[in-house]
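See below for the structure under consideration.
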Amino acid sequence: MSRLVRLDPSGHTELAEWSAGDGAAYERASELFREQLGSGYMGVAKLADDSYEQVKELPLDVELVVLRRPIAGG
């Protein structure tokens with residue numbers, strides 16, 4: 001089961017779950033993912049080697065995708 005989680009002031013909010021065999025759940029999760037990107041969040045996917053990679057589209061077959069705000073500063 002894959003999960004889409006948003007980091008927010010409460011800690012985190014789980015927005016969606018899907019599996020590779022559930023196309024409807026994946027489509028709903030993808031729509032939520034795109035909406036969150038449009039509102040300023042960025043997505044990072046947890047890869048099989050426990051590293052994270054920024055993603056612009058929701059991957060179908062990862063365990064976890066985290067939405068977070070970009071870090072301010074520079």
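Naming works like this for the structure tokens: A, B, ... for the chains as they're shown, residue 1 at the start of each chain, ligands 1 onward in shown order.
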**Message:** Going by DSSP on the backbone, which residues of chain A come out as helix (DSSP H, G or I)? List them as a PyMOL selection string.
**Reply:** chain A and resi 23-38
Selected residues written out with N, CA, C and O atoms, as a compact mmCIF listing (two decimals), in the first residue's frame:
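Everything below was put into out12.txt:
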# COMPACT_ATOMS: atom_id res chain seq x y z
N GLY A 23 -6.54 1.39 -9.82
CA GLY A 23 -6.38 2.56 -10.67
C GLY A 23 -7.20 3.76 -10.23
O GLY A 23 -6.74 4.90 -10.32
N ALA A 24 -8.40 3.53 -9.71
CA ALA A 24 -9.25 4.65 -9.28
C ALA A 24 -8.64 5.36 -8.08
O ALA A 24 -8.62 6.59 -8.03
N ALA A 25 -8.14 4.60 -7.11
CA ALA A 25 -7.51 5.21 -5.94
C ALA A 25 -6.25 5.96 -6.34
O ALA A 25 -5.97 7.05 -5.82
N TYR A 26 -5.49 5.41 -7.28
CA TYR A 26 -4.28 6.08 -7.75
C TYR A 26 -4.63 7.40 -8.45
O TYR A 26 -3.97 8.42 -8.24
N GLU A 27 -5.68 7.39 -9.25
CA GLU A 27 -6.09 8.62 -9.95
C GLU A 27 -6.52 9.69 -8.96
O GLU A 27 -6.20 10.87 -9.12
N ARG A 28 -7.27 9.31 -7.92
CA ARG A 28 -7.66 10.28 -6.88
C ARG A 28 -6.42 10.84 -6.17
O ARG A 28 -6.33 12.04 -5.93
N ALA A 29 -5.49 9.97 -5.85
CA ALA A 29 -4.25 10.40 -5.19
C ALA A 29 -3.45 11.32 -6.10
O ALA A 29 -2.90 12.33 -5.65
N SER A 30 -3.39 11.01 -7.39
CA SER A 30 -2.67 11.85 -8.35
C SER A 30 -3.29 13.23 -8.45
O SER A 30 -2.58 14.24 -8.54
N GLU A 31 -4.61 13.29 -8.43
CA GLU A 31 -5.30 14.58 -8.48
C GLU A 31 -4.98 15.41 -7.24
O GLU A 31 -4.68 16.60 -7.33
N LEU A 32 -5.03 14.78 -6.07
CA LEU A 32 -4.67 15.48 -4.83
C LEU A 32 -3.22 15.95 -4.87
O LEU A 32 -2.90 17.07 -4.45
N PHE A 33 -2.33 15.11 -5.38
CA PHE A 33 -0.92 15.45 -5.50
C PHE A 33 -0.74 16.69 -6.37
O PHE A 33 -0.05 17.64 -5.98
N ARG A 34 -1.38 16.71 -7.52
CA ARG A 34 -1.27 17.88 -8.42
C ARG A 34 -1.83 19.14 -7.77
O ARG A 34 -1.26 20.23 -7.90
N GLU A 35 -2.94 19.02 -7.05
CA GLU A 35 -3.52 20.18 -6.36
C GLU A 35 -2.54 20.74 -5.33
O GLU A 35 -2.38 21.95 -5.21
N GLN A 36 -1.90 19.85 -4.60
CA GLN A 36 -0.95 20.29 -3.57
C GLN A 36 0.28 20.95 -4.20
O GLN A 36 0.78 21.96 -3.70
N LEU A 37 0.76 20.41 -5.31
CA LEU A 37 1.88 21.05 -6.01
C LEU A 37 1.47 22.45 -6.47
O LEU A 37 2.25 23.40 -6.36
N GLY A 38 0.25 22.57 -6.96
CA GLY A 38 -0.25 23.86 -7.41
C GLY A 38 -0.39 24.89 -6.30
O GLY A 38 -0.36 26.09 -6.55
**Message:** DSSP on the backbone, strand (DSSP E or B) only: what residues of chain A does that give? Format it as number ranges by chain.
**Reply:** A: 2-8, 11-18, 42-46, 52-55, 64-68
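Close contacts of Arg3 of chain A, defined as residues with an atom at most 7 Å away when counting only C-alpha atoms, with chain neighbours fewer than 4 positions off set aside, comprise A:Ala16, A:Glu17, A:Trp18, A:Glu63, A:Leu64, A:Val65.
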Export of the given selection (all heavy atoms) as a short mmCIF file (atom, residue, chain, number, x, y, z; two decimals), in the first residue's frame:
data_model
loop_
_atom_site.label_atom_id
_atom_site.label_comp_id
_atom_site.auth_asym_id
_atom_site.auth_seq_id
_atom_site.Cartn_x
_atom_site.Cartn_y
_atom_site.Cartn_z
N ALA A 16 -4.01 10.31 1.07
CA ALA A 16 -4.50 9.23 0.20
C ALA A 16 -3.68 7.97 0.39
O ALA A 16 -2.53 8.03 0.83
CB ALA A 16 -4.44 9.67 -1.26
N GLU A 17 -4.30 6.85 0.03
CA GLU A 17 -3.63 5.55 -0.06
C GLU A 17 -4.05 4.92 -1.38
O GLU A 17 -5.16 5.14 -1.85
CB GLU A 17 -4.06 4.62 1.07
CG GLU A 17 -3.51 4.94 2.42
CD GLU A 17 -3.86 3.88 3.45
OE1 GLU A 17 -4.77 3.04 3.19
OE2 GLU A 17 -3.22 3.88 4.49
N TRP A 18 -3.14 4.15 -1.98
CA TRP A 18 -3.45 3.44 -3.21
C TRP A 18 -2.54 2.23 -3.35
O TRP A 18 -1.54 2.11 -2.65
CB TRP A 18 -3.30 4.36 -4.43
CG TRP A 18 -1.88 4.71 -4.76
CD1 TRP A 18 -1.05 4.07 -5.66
CD2 TRP A 18 -1.09 5.75 -4.18
NE1 TRP A 18 0.19 4.65 -5.66
CE2 TRP A 18 0.19 5.69 -4.77
CE3 TRP A 18 -1.33 6.72 -3.23
CZ2 TRP A 18 1.21 6.58 -4.43
CZ3 TRP A 18 -0.30 7.60 -2.89
CH2 TRP A 18 0.93 7.52 -3.49
N GLU A 63 6.45 3.39 -1.68
CA GLU A 63 5.79 3.21 -0.39
C GLU A 63 5.20 4.51 0.15
O GLU A 63 4.11 4.53 0.71
CB GLU A 63 6.82 2.68 0.60
CG GLU A 63 6.33 2.54 2.01
CD GLU A 63 7.45 2.11 2.96
OE1 GLU A 63 8.45 1.56 2.51
OE2 GLU A 63 7.28 2.36 4.16
N LEU A 64 5.93 5.61 -0.05
CA LEU A 64 5.55 6.87 0.58
C LEU A 64 5.92 8.05 -0.29
O LEU A 64 7.03 8.11 -0.84
CB LEU A 64 6.28 6.99 1.93
CG LEU A 64 6.09 8.27 2.73
CD1 LEU A 64 4.65 8.40 3.21
CD2 LEU A 64 7.05 8.28 3.92
N VAL A 65 5.00 9.01 -0.41
CA VAL A 65 5.28 10.30 -1.03
C VAL A 65 4.91 11.36 0.00
O VAL A 65 3.81 11.35 0.55
CB VAL A 65 4.50 10.51 -2.34
CG1 VAL A 65 4.75 11.90 -2.90
CG2 VAL A 65 4.87 9.44 -3.36
#
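With only C-alpha atoms as the atoms that count, the minimum distance from Leu4 of chain A to the choices A:Val44, A:Ala20, A:Ile71, A:Asp50 is reached by A:Val44.
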**Message:** Measuring between only C-alpha atoms, which one of A:Val66, A:Ser2, A:Asp22, A:Gly40 shows the shortest distance to Gln54 of chain A?
**Reply:** A:Val66
